[in-house]
file target.tsv (TSV, C-alpha atoms)
chain	number	residue	atom	x	y	z
A	1	MET	CA	90.80	85.16	67.56
A	2	PRO	CA	87.08	85.45	68.25
A	3	ASP	CA	85.16	88.59	67.29
A	4	THR	CA	84.01	89.44	70.83
A	5	MET	CA	85.38	89.07	74.34
A	6	ASN	CA	84.29	89.27	77.96
A	7	VAL	CA	85.30	92.44	79.78
A	8	ILE	CA	84.62	94.39	82.96
A	9	GLU	CA	83.29	97.91	82.36
A	10	ILE	CA	82.95	100.93	84.62
A	11	THR	CA	79.28	101.83	84.26
A	12	GLN	CA	79.55	105.16	86.11
A	13	PRO	CA	81.84	106.73	88.70
A	14	GLY	CA	81.41	105.08	92.08
A	15	GLY	CA	82.30	102.18	94.34
A	16	PRO	CA	83.15	98.59	93.41
A	17	GLU	CA	79.49	97.91	92.58
A	18	VAL	CA	79.75	100.00	89.38
A	19	LEU	CA	81.98	97.36	87.78
A	20	ARG	CA	79.91	95.25	85.37
A	21	ALA	CA	80.53	92.30	83.06
A	22	ALA	CA	80.00	93.06	79.37
A	23	THR	CA	81.17	92.06	75.91
A	24	ARG	CA	83.29	94.13	73.54
A	25	PRO	CA	84.91	93.58	70.14
A	26	VAL	CA	88.36	92.00	70.34
A	27	PRO	CA	90.96	94.71	69.65
A	28	LEU	CA	93.22	94.60	66.61
A	29	PRO	CA	96.90	95.54	66.86
A	30	GLY	CA	97.94	98.92	65.54
A	31	ALA	CA	101.41	99.84	64.35
A	32	GLY	CA	103.97	98.87	66.97
A	33	GLN	CA	101.38	96.96	69.01
A	34	VAL	CA	100.65	93.37	69.98
A	35	VAL	CA	97.40	91.76	71.13
A	36	ILE	CA	97.65	89.54	74.20
A	37	ARG	CA	95.19	86.82	75.20
A	38	VAL	CA	95.06	87.68	78.88
A	39	ALA	CA	95.65	84.96	81.46
A	40	TYR	CA	95.84	87.18	84.55
A	41	ALA	CA	95.41	90.90	85.20
A	42	GLY	CA	96.77	92.81	88.17
A	43	VAL	CA	94.46	94.89	90.37
A	44	ASN	CA	95.94	98.24	91.39
A	45	ARG	CA	94.97	101.42	93.22
A	46	PRO	CA	94.85	103.44	89.97
A	47	ASP	CA	92.11	101.05	88.78
A	48	ALA	CA	90.01	102.08	91.77
A	49	LEU	CA	90.76	105.76	91.16
A	50	GLN	CA	89.63	105.39	87.56
A	51	ARG	CA	86.48	103.58	88.72
A	52	ALA	CA	85.75	106.44	91.10
A	53	GLY	CA	86.13	109.01	88.30
A	54	ALA	CA	89.38	110.46	89.63
A	55	TYR	CA	91.93	109.09	87.11
A	56	ALA	CA	90.88	109.38	83.49
A	57	PRO	CA	92.59	107.22	80.85
A	58	PRO	CA	95.06	109.06	78.62
A	59	PRO	CA	93.90	109.99	75.09
A	60	GLY	CA	93.53	106.94	72.88
A	61	ALA	CA	93.64	104.40	75.73
A	62	SER	CA	90.90	101.87	76.46
A	63	ASP	CA	88.26	103.04	78.92
A	64	LEU	CA	88.38	99.59	80.55
A	65	PRO	CA	90.38	99.35	83.80
A	66	GLY	CA	93.53	97.29	84.08
A	67	LEU	CA	97.12	98.54	83.79
A	68	GLU	CA	99.01	95.24	83.72
A	69	ALA	CA	98.47	91.70	82.49
A	70	SER	CA	100.18	88.47	81.52
A	71	GLY	CA	99.30	86.09	78.72
A	72	ILE	CA	100.12	84.89	75.24
A	73	ILE	CA	100.65	87.09	72.17
A	74	VAL	CA	98.02	86.21	69.55
A	75	ALA	CA	98.47	89.02	67.00
A	76	ILE	CA	101.26	91.38	65.96
A	77	GLY	CA	100.93	94.79	64.31
A	78	PRO	CA	103.09	96.42	61.65
A	79	GLY	CA	106.62	97.32	62.72
A	80	VAL	CA	106.93	94.73	65.50
A	81	ASP	CA	109.90	92.40	65.07
A	82	ARG	CA	110.88	91.43	68.62
A	83	TRP	CA	107.86	89.28	69.44
A	84	ARG	CA	106.19	86.28	67.82
A	85	VAL	CA	102.69	84.84	68.08
A	86	GLY	CA	102.75	82.35	70.94
A	87	ASP	CA	105.25	84.25	73.13
A	88	ALA	CA	104.41	84.39	76.84
A	89	VAL	CA	104.69	87.96	78.11
A	90	CYS	CA	103.67	90.37	80.79
A	91	ALA	CA	102.94	93.95	79.85
A	92	LEU	CA	102.36	97.43	81.16
A	93	LEU	CA	99.06	98.56	79.65
A	94	PRO	CA	97.57	101.99	78.94
A	95	GLY	CA	94.25	100.42	80.03
A	96	GLY	CA	92.04	97.50	79.08
A	97	GLY	CA	93.51	94.73	81.23
A	98	TYR	CA	90.15	93.61	82.62
A	99	ALA	CA	89.37	91.81	79.37
A	100	GLU	CA	90.11	88.53	77.63
A	101	TYR	CA	92.23	90.32	75.00
A	102	VAL	CA	94.17	93.56	75.15
A	103	ALA	CA	96.26	95.60	72.70
A	104	THR	CA	99.38	97.34	73.99
A	105	PRO	CA	102.66	98.76	72.64
A	106	ALA	CA	105.07	95.91	71.95
A	107	ALA	CA	107.87	97.89	73.61
A	108	HIS	CA	105.99	97.73	76.93
A	109	CYS	CA	106.01	93.92	76.96
A	110	LEU	CA	108.56	91.84	78.82
A	111	PRO	CA	109.13	88.07	78.70
A	112	VAL	CA	107.73	86.00	81.55
A	113	PRO	CA	110.84	85.41	83.68
A	114	ASP	CA	112.13	81.85	83.76
A	115	GLY	CA	110.70	80.04	86.77
A	116	LEU	CA	107.73	82.36	87.23
A	117	SER	CA	104.10	81.50	86.44
A	118	LEU	CA	101.75	83.64	84.38
A	119	GLN	CA	99.97	84.49	87.63
A	120	GLN	CA	103.20	85.81	89.15
A	121	ALA	CA	104.15	87.62	85.94
A	122	ALA	CA	100.88	89.58	85.95
A	123	CYS	CA	102.00	91.16	89.24
A	124	LEU	CA	105.21	92.59	87.81
A	125	PRO	CA	104.64	95.45	85.33
A	126	GLU	CA	102.74	98.17	87.22
A	127	THR	CA	104.69	97.79	90.47
A	128	PHE	CA	108.13	97.14	89.00
A	129	PHE	CA	107.88	99.96	86.44
A	130	THR	CA	106.71	102.29	89.24
A	131	VAL	CA	109.37	101.29	91.74
A	132	TRP	CA	112.24	101.29	89.27
A	133	SER	CA	111.36	104.69	87.80
A	134	ASN	CA	110.73	106.36	91.16
A	135	VAL	CA	113.17	104.71	93.55
A	136	PHE	CA	116.16	104.15	91.28
A	137	ILE	CA	115.82	106.65	88.42
A	138	ARG	CA	114.05	109.62	90.03
A	139	GLY	CA	115.11	108.86	93.62
A	140	GLY	CA	118.65	107.76	92.78
A	141	LEU	CA	118.87	105.13	95.53
A	142	GLN	CA	122.42	103.88	96.10
A	143	ALA	CA	123.89	100.94	98.00
A	144	GLY	CA	124.35	101.70	101.70
A	145	GLU	CA	121.69	104.42	101.81
A	146	ARG	CA	118.78	104.37	104.24
A	147	PHE	CA	115.49	103.91	102.39
A	148	LEU	CA	112.02	104.30	103.94
A	149	VAL	CA	108.96	103.01	102.11
A	150	HIS	CA	105.47	103.69	103.40
A	151	GLY	CA	102.79	101.06	102.87
A	152	GLY	CA	105.46	98.40	102.93
A	153	SER	CA	103.05	95.45	102.74
A	154	SER	CA	101.37	96.68	99.53
A	155	GLY	CA	102.32	95.51	96.07
A	156	ILE	CA	104.45	98.62	95.59
A	157	GLY	CA	105.88	98.28	99.08
A	158	THR	CA	106.91	94.63	98.88
A	159	THR	CA	108.49	95.30	95.47
A	160	ALA	CA	110.37	98.36	96.71
A	161	ILE	CA	111.66	96.54	99.78
A	162	GLN	CA	112.98	93.62	97.76
A	163	LEU	CA	114.63	95.69	95.05
A	164	ALA	CA	116.20	98.16	97.48
A	165	ASN	CA	117.52	95.27	99.54
A	166	ALA	CA	118.87	93.50	96.44
A	167	PHE	CA	120.76	96.64	95.42
A	168	GLY	CA	122.37	97.05	98.84
A	169	ALA	CA	120.27	99.71	100.60
A	170	ARG	CA	119.19	99.59	104.24
A	171	VAL	CA	115.40	99.30	104.13
A	172	PHE	CA	112.83	100.63	106.60
A	173	ALA	CA	109.10	100.23	106.09
A	174	THR	CA	105.83	101.30	107.68
A	175	ALA	CA	102.67	99.19	107.84
A	176	GLY	CA	99.44	99.13	109.83
A	177	SER	CA	99.56	95.82	111.70
A	178	ASP	CA	102.05	93.42	113.26
A	179	ALA	CA	101.25	90.85	110.55
A	180	LYS	CA	101.97	93.39	107.82
A	181	CYS	CA	105.18	94.45	109.54
A	182	ALA	CA	106.25	90.81	109.71
A	183	ALA	CA	105.59	90.51	105.98
A	184	CYS	CA	107.85	93.52	105.35
A	185	VAL	CA	110.67	91.96	107.34
A	186	ALA	CA	110.17	88.64	105.55
A	187	VAL	CA	110.91	90.25	102.18
A	188	GLY	CA	113.96	92.19	103.32
A	189	ALA	CA	113.13	95.20	105.53
A	190	GLU	CA	115.68	95.78	108.27
A	191	VAL	CA	113.05	97.48	110.42
A	192	ALA	CA	109.26	97.50	110.03
A	193	ILE	CA	107.37	100.21	111.90
A	194	ASN	CA	103.74	99.74	112.94
A	195	TYR	CA	102.52	103.30	112.41
A	196	ARG	CA	99.60	102.73	114.78
A	197	ASP	CA	101.86	102.52	117.83
A	198	GLN	CA	105.26	103.88	116.70
A	199	ASP	CA	106.41	107.21	115.27
A	200	PHE	CA	108.32	106.47	112.09
A	201	VAL	CA	110.02	109.88	112.33
A	202	GLU	CA	111.64	108.98	115.65
A	203	VAL	CA	112.63	105.49	114.51
A	204	VAL	CA	114.25	106.66	111.28
A	205	ARG	CA	115.89	109.75	112.80
A	206	ALA	CA	117.50	107.49	115.41
A	207	GLN	CA	119.22	105.73	112.50
A	208	GLY	CA	120.47	108.99	111.00
A	209	GLY	CA	117.44	109.86	108.91
A	210	ALA	CA	116.28	108.52	105.57
A	211	ASP	CA	118.30	109.28	102.45
A	212	LEU	CA	115.22	108.42	100.37
A	213	ILE	CA	111.51	108.08	101.19
A	214	LEU	CA	108.89	106.60	98.86
A	215	ASP	CA	105.46	107.81	99.92
A	216	MET	CA	101.92	107.15	98.70
A	217	VAL	CA	100.12	108.65	101.73
A	218	GLY	CA	100.51	112.39	101.25
A	219	GLY	CA	98.53	114.82	103.40
A	220	ALA	CA	99.97	115.26	106.89
A	221	TYR	CA	102.73	112.77	106.08
A	222	LEU	CA	104.53	115.43	104.05
A	223	GLN	CA	105.78	117.40	107.06
A	224	ARG	CA	106.63	114.20	108.92
A	225	ASN	CA	108.53	112.86	105.93
A	226	ILE	CA	110.57	116.07	105.76
A	227	LYS	CA	111.47	115.65	109.43
A	228	ALA	CA	112.44	112.02	108.82
A	229	LEU	CA	114.82	112.84	105.94
A	230	ALA	CA	118.55	113.10	106.45
A	231	ASP	CA	120.32	116.17	105.10
A	232	ASP	CA	120.46	115.97	101.28
A	233	GLY	CA	117.56	113.48	101.45
A	234	ARG	CA	114.99	112.90	98.74
A	235	LEU	CA	111.24	112.40	99.01
A	236	VAL	CA	109.44	110.79	96.07
A	237	GLN	CA	105.64	111.06	96.07
A	238	ILE	CA	103.66	108.54	93.99
A	239	ALA	CA	100.15	108.87	95.49
A	240	PHE	CA	98.23	110.82	98.14
A	241	LEU	CA	95.77	108.55	99.93
A	242	GLN	CA	95.38	111.15	102.71
A	243	GLY	CA	95.14	114.22	100.50
A	244	ALA	CA	96.96	116.03	97.70
A	245	LYS	CA	97.59	119.30	99.57
A	246	ALA	CA	99.89	120.07	102.51
A	247	GLU	CA	101.99	122.90	103.89
A	248	VAL	CA	105.73	122.87	103.17
A	249	ASN	CA	108.47	124.60	105.16
A	250	PHE	CA	110.76	125.74	102.36
A	251	ALA	CA	113.37	126.90	104.88
A	252	GLN	CA	113.89	123.26	105.89
A	253	MET	CA	114.20	122.25	102.25
A	254	MET	CA	116.78	124.93	101.56
A	255	VAL	CA	118.90	124.67	104.68
A	256	ARG	CA	119.01	120.85	104.59
A	257	ARG	CA	119.24	120.62	100.78
A	258	LEU	CA	116.19	118.37	100.44
A	259	THR	CA	114.64	117.22	97.18
A	260	LEU	CA	110.88	116.74	96.83
A	261	THR	CA	109.71	115.09	93.63
A	262	GLY	CA	107.14	112.63	92.35
A	263	SER	CA	105.52	111.12	89.31
A	264	THR	CA	102.65	109.14	87.90
A	265	LEU	CA	103.31	106.34	85.43
A	266	ARG	CA	100.27	106.14	83.18
A	267	PRO	CA	100.50	109.61	81.50
A	268	GLN	CA	104.18	109.18	80.58
A	269	SER	CA	105.11	108.79	76.94
A	270	ASP	CA	105.37	105.44	75.22
A	271	LEU	CA	109.10	106.09	74.77
A	272	ALA	CA	109.62	106.76	78.48
A	273	LYS	CA	107.85	103.52	79.39
A	274	ALA	CA	109.85	101.61	76.79
A	275	ARG	CA	113.08	102.86	78.36
A	276	ILE	CA	111.93	101.70	81.79
A	277	ALA	CA	111.13	98.28	80.28
A	278	GLU	CA	114.63	98.06	78.82
A	279	ALA	CA	116.19	98.91	82.20
A	280	LEU	CA	114.04	96.32	83.99
A	281	LEU	CA	115.01	93.63	81.49
A	282	ALA	CA	118.70	94.36	82.01
A	283	GLN	CA	118.79	95.12	85.74
A	284	VAL	CA	115.85	93.36	87.40
A	285	TRP	CA	114.80	90.39	85.28
A	286	PRO	CA	118.04	88.52	86.19
A	287	LEU	CA	117.11	88.93	89.88
A	288	LEU	CA	113.65	87.49	89.23
A	289	GLN	CA	115.07	84.56	87.29
A	290	ALA	CA	117.59	83.89	90.06
A	291	GLY	CA	114.85	83.88	92.70
A	292	ARG	CA	116.33	86.84	94.57
A	293	VAL	CA	113.15	88.87	94.01
A	294	ALA	CA	109.59	87.61	93.61
A	295	PRO	CA	106.12	89.15	93.64
A	296	VAL	CA	104.08	88.73	96.81
A	297	ILE	CA	100.55	87.60	95.93
A	298	ASP	CA	97.68	88.07	98.34
A	299	SER	CA	94.73	86.58	96.46
A	300	GLU	CA	93.14	85.70	93.14
A	301	PHE	CA	89.61	86.47	91.93
A	302	PRO	CA	87.82	85.43	88.73
A	303	LEU	CA	87.33	88.26	86.24
A	304	ALA	CA	83.58	88.22	86.95
A	305	ASP	CA	84.35	89.00	90.62
A	306	ALA	CA	86.33	92.17	89.88
A	307	ALA	CA	84.04	94.15	92.20
A	308	ALA	CA	84.93	91.84	95.08
A	309	ALA	CA	88.61	92.21	94.24
A	310	HIS	CA	88.27	96.01	94.39
A	311	ALA	CA	86.43	95.84	97.70
A	312	HIS	CA	89.19	93.63	99.11
A	313	MET	CA	91.88	96.05	97.92
A	314	GLU	CA	90.10	99.06	99.38
A	315	SER	CA	89.70	97.31	102.73
A	316	SER	CA	93.52	97.48	102.97
A	317	SER	CA	93.54	94.02	104.55
A	318	HIS	CA	95.67	92.49	101.80
A	319	ILE	CA	99.42	91.86	101.78
A	320	GLY	CA	100.97	92.08	98.33
A	321	LYS	CA	99.16	91.89	95.03
A	322	ILE	CA	95.61	90.97	94.02
A	323	VAL	CA	95.06	89.39	90.59
A	324	LEU	CA	92.13	88.59	88.33
A	325	CYS	CA	92.13	85.21	86.62
A	326	LEU	CA	90.90	84.95	83.02
A	327	ARG	CA	92.09	81.42	82.27
A	328	SER	CA	89.33	78.87	81.75

call {"tool": "encode", "arguments": {"input": "target.tsv", "output": "structure tokens"}}
result
Amino acid sequence: MPDTMNVIEITQPGGPEVLRAATRPVPLPGAGQVVIRVAYAGVNRPDALQRAGAYAPPPGASDLPGLEASGIIVAIGPGVDRWRVGDAVCALLPGGGYAEYVATPAAHCLPVPDGLSLQQAACLPETFFTVWSNVFIRGGLQAGERFLVHGGSSGIGTTAIQLANAFGARVFATAGSDAKCAACVAVGAEVAINYRDQDFVEVVRAQGGADLILDMVGGAYLQRNIKALADDGRLVQIAFLQGAKAEVNFAQMMVRRLTLTGSTLRPQSDLAKARIAEALLAQVWPLLQAGRVAPVIDSEFPLADAAAAHAHMESSSHIGKIVLCLRS
């Protein structure tokens, strides 16, 4: 490995323009870690939150943005016996993905699924870990249930639609344009609701209400989500693009036996993330290898154009995932 590498730093809290190319020392693997030569890195909303100063890295994590990547293992730390130098992997990262090399716990790596490219594999960890842990573990989605996902054309949304469909749920999605709604239907949504001209509450209630809702909007959506839930329904909150505070009618929760929960992925323990990785390998990787599920990719930017990639993501004009390319 070389001594230094190209990276993208956050120079100060702010907009996409605060992202800057720099050089850093190449990391060395600690106990239980591997170092990956990054081929592609996923671009995600938490990266933009960190850039804006609203989502600090956990203690000990790299201050560089980037929570997922794909590439080739080039170094292995003490205590790692599953992986070998030269293995192609994708990995959930504590940070540092916007760099030519990144160190991460070996237990958070997964093999690149057969038939998928490194570009596709870079789109898997952040969204698939998030969806599996929130929709299937925390949300308990079962076959035959009605599932509503907001932001259905996003990376999280397209992943949630496909996995819920693959496991036998009836899937409803919201999106902000007819093209985005069409993309939701294309990956398995039974009904896609353009929230600009339809009320998702009315549409879902007409079907009996949602047994589970995955929401990243927050704000005023909270009360509407509660109305859209069926009795004994569950609401899982994973972000709050329209605000973190809202009023809750606890009488509705109690009388209708509703469950409101949520989580963030990055602060969870290494062990918790390792367990999610094990579940994905057993339950979801066979679907990827069979072609029943696949990441939806919107666009690719060179690492040096990370600011443009962030601007594109924050315009909300994309469908699916945005990736940074680090391959020469």

call {"tool": "closest_residue", "arguments": {"input": "target.tsv", "among": "A:Arg82, A:His108, A:Arg37, A:Arg146", "to": "Arg266 of chain A", "atoms": "only C-alpha atoms"}}
result
A:His108

call {"tool": "closest_residue", "arguments": {"input": "target.tsv", "among": "A:Ala244, A:Cys181, A:Val35, A:Ile137", "to": "Gly152 of chain A", "atoms": "only C-alpha atoms"}}
result
A:Cys181

call {"tool": "closest_residue", "arguments": {"input": "target.tsv", "among": "A:Val296, A:Arg51, A:Pro286, A:Val34", "to": "Val74 of chain A", "atoms": "all atoms listed in the file"}}
result
A:Val34

call {"tool": "residues_near_point", "arguments": {"input": "target.tsv", "point": "(100.3, 102.7, 80.3)", "cutoff": "6 Å", "atoms": "only C-alpha atoms", "output": "mmCIF file with C-alpha atoms, keeping the file's coordinate frame"}}
result
data_model
loop_
_atom_site.group_PDB
_atom_site.id
_atom_site.type_symbol
_atom_site.label_atom_id
_atom_site.label_comp_id
_atom_site.auth_asym_id
_atom_site.auth_seq_id
_atom_site.Cartn_x
_atom_site.Cartn_y
_atom_site.Cartn_z
ATOM 1 C CA LEU A 92 102.360 97.430 81.160
ATOM 2 C CA LEU A 93 99.060 98.560 79.650
ATOM 3 C CA PRO A 94 97.570 101.990 78.940
ATOM 4 C CA ARG A 266 100.270 106.140 83.180
#

call {"tool": "closest_residue", "arguments": {"input": "target.tsv", "among": "A:Asp211, A:Pro2, A:Asp178, A:Leu324", "to": "Ala69 of chain A", "atoms": "only C-alpha atoms"}}
result
A:Leu324

call {"tool": "closest_residue", "arguments": {"input": "target.tsv", "among": "A:Asn249, A:Asn225, A:Gln207, A:Asn165", "to": "His150 of chain A", "atoms": "all atoms listed in the file"}}
result
A:Asn225

call {"tool": "closest_residue", "arguments": {"input": "target.tsv", "among": "A:Ala54, A:Leu265, A:Ser317, A:Ala246", "to": "Phe128 of chain A", "atoms": "all atoms listed in the file"}}
result
A:Leu265

call {"tool": "residues_around", "arguments": {"input": "target.tsv", "residues": "Gln12 of chain A", "least_positions_apart": "4", "cutoff": "10 Å", "atoms": "only C-alpha atoms", "output": "PyMOL selection string"}}
result
chain A and resi 17-20+51-53

call {"tool": "atom_distance", "arguments": {"input": "target.tsv", "atom1": "atom CA of Ala41 of chain A", "atom2": "atom CA of Cys123 of chain A"}}
result
7.7 Å

call {"tool": "residues_around", "arguments": {"input": "target.tsv", "residues": "Leu326 of chain A", "least_positions_apart": "4", "cutoff": "8 Å", "atoms": "all atoms listed in the file", "output": "ChimeraX atom specification"}}
result
/A:38-41,99-100,302-303

call {"tool": "residues_around", "arguments": {"input": "target.tsv", "residues": "Leu241 of chain A", "least_positions_apart": "5", "cutoff": "7 Å", "atoms": "all atoms listed in the file", "output": "VMD selection string"}}
result
chain A and resid 216 to 218

call {"tool": "residues_near_point", "arguments": {"input": "target.tsv", "point": "(102.9, 112.7, 110.5)", "cutoff": "12 Å", "atoms": "only C-alpha atoms", "output": "count of residues only"}}
result
23

call {"tool": "residues_around", "arguments": {"input": "target.tsv", "residues": "Ala306 of chain A", "least_positions_apart": "4", "cutoff": "10 Å", "atoms": "all atoms listed in the file", "output": "list in words"}}
result
Ile8, Glu9, Pro16, Glu17, Leu19, Arg20, Ala21, Val43, Tyr98, Glu300, Phe301, Pro302, His310, Ala311, His312, Val323, Leu324 and Cys325 of chain A

call {"tool": "atom_distance", "arguments": {"input": "target.tsv", "atom1": "atom CA of Ser117 of chain A", "atom2": "atom CA of Thr159 of chain A"}}
result
17.1 Å

call {"tool": "axis_aligned_box", "arguments": {"input": "target.tsv", "around": "segment 265-283 of chain A", "padding_each_side": "8 Å", "output": "AutoDock Vina command-line options"}}
result
--center_x 109.5 --center_y 101.6 --center_z 80.3 --size_x 34.5 --size_y 32.0 --size_z 27.0

call {"tool": "atom_distance", "arguments": {"input": "target.tsv", "atom1": "atom CA of Ala290 of chain A", "atom2": "atom CA of Leu110 of chain A"}}
result
16.5 Å

call {"tool": "residues_around", "arguments": {"input": "target.tsv", "residues": "Ile193 of chain A", "least_positions_apart": "4", "cutoff": "12 Å", "atoms": "only C-alpha atoms", "output": "VMD selection string"}}
result
chain A and resid 148 to 153 171 to 185 189 197 to 204

call {"tool": "decode", "arguments": {"input": "target.tsv", "residues": "segment 11-67 of chain A", "atoms": "C-alpha atoms", "output": "short mmCIF file (atom, residue, chain, number, x, y, z; two decimals), in the first residue's frame"}}
result
data_model
loop_
_atom_site.label_atom_id
_atom_site.label_comp_id
_atom_site.auth_asym_id
_atom_site.auth_seq_id
_atom_site.Cartn_x
_atom_site.Cartn_y
_atom_site.Cartn_z
CA THR A 11 -13.55 21.75 5.75
CA GLN A 12 -16.30 23.29 7.89
CA PRO A 13 -20.04 22.81 8.42
CA GLY A 14 -21.99 23.96 5.38
CA GLY A 15 -23.26 23.12 1.91
CA PRO A 16 -21.70 20.88 -0.73
CA GLU A 17 -19.03 23.51 -1.43
CA VAL A 18 -17.28 22.72 1.89
CA LEU A 19 -16.17 19.32 0.56
CA ARG A 20 -12.51 19.51 -0.48
CA ALA A 21 -9.95 17.14 -1.98
CA ALA A 22 -6.97 16.42 0.29
CA THR A 23 -4.41 13.76 1.11
CA ARG A 24 -4.23 11.68 4.28
CA PRO A 25 -2.09 8.79 5.54
CA VAL A 26 -3.38 5.38 4.48
CA PRO A 27 -5.01 3.73 7.52
CA LEU A 28 -3.62 0.57 9.08
CA PRO A 29 -5.92 -2.22 10.27
CA GLY A 30 -6.51 -2.54 13.98
CA ALA A 31 -7.55 -5.71 15.77
CA GLY A 32 -10.57 -7.22 14.06
CA GLN A 33 -10.30 -4.82 11.13
CA VAL A 34 -9.51 -4.96 7.42
CA VAL A 35 -8.32 -2.22 5.07
CA ILE A 36 -10.17 -1.97 1.76
CA ARG A 37 -8.85 -0.33 -1.41
CA VAL A 38 -12.05 1.48 -2.32
CA ALA A 39 -13.48 1.09 -5.81
CA TYR A 40 -16.83 2.82 -5.21
CA ALA A 41 -18.41 4.64 -2.27
CA GLY A 42 -22.10 5.22 -1.75
CA VAL A 43 -23.47 8.73 -1.19
CA ASN A 44 -26.15 8.92 1.50
CA ARG A 45 -28.23 11.49 3.37
CA PRO A 46 -26.24 10.98 6.60
CA ASP A 47 -23.14 12.13 4.67
CA ALA A 48 -24.89 15.43 3.96
CA LEU A 49 -26.01 15.72 7.59
CA GLN A 50 -22.43 15.20 8.74
CA ARG A 51 -21.23 17.78 6.21
CA ALA A 52 -23.77 20.25 7.58
CA GLY A 53 -22.57 19.68 11.15
CA ALA A 54 -25.71 17.84 12.25
CA TYR A 55 -24.45 14.23 12.50
CA ALA A 56 -21.11 13.83 14.25
CA PRO A 57 -19.08 10.64 13.75
CA PRO A 58 -19.11 8.23 16.69
CA PRO A 59 -16.02 8.18 18.95
CA GLY A 60 -13.02 6.67 17.21
CA ALA A 61 -14.51 6.86 13.69
CA SER A 62 -12.91 8.70 10.78
CA ASP A 63 -14.01 12.30 10.37
CA LEU A 64 -14.21 11.72 6.61
CA PRO A 65 -17.71 11.17 5.19
CA GLY A 66 -18.77 7.89 3.64
CA LEU A 67 -20.69 5.07 5.33
#
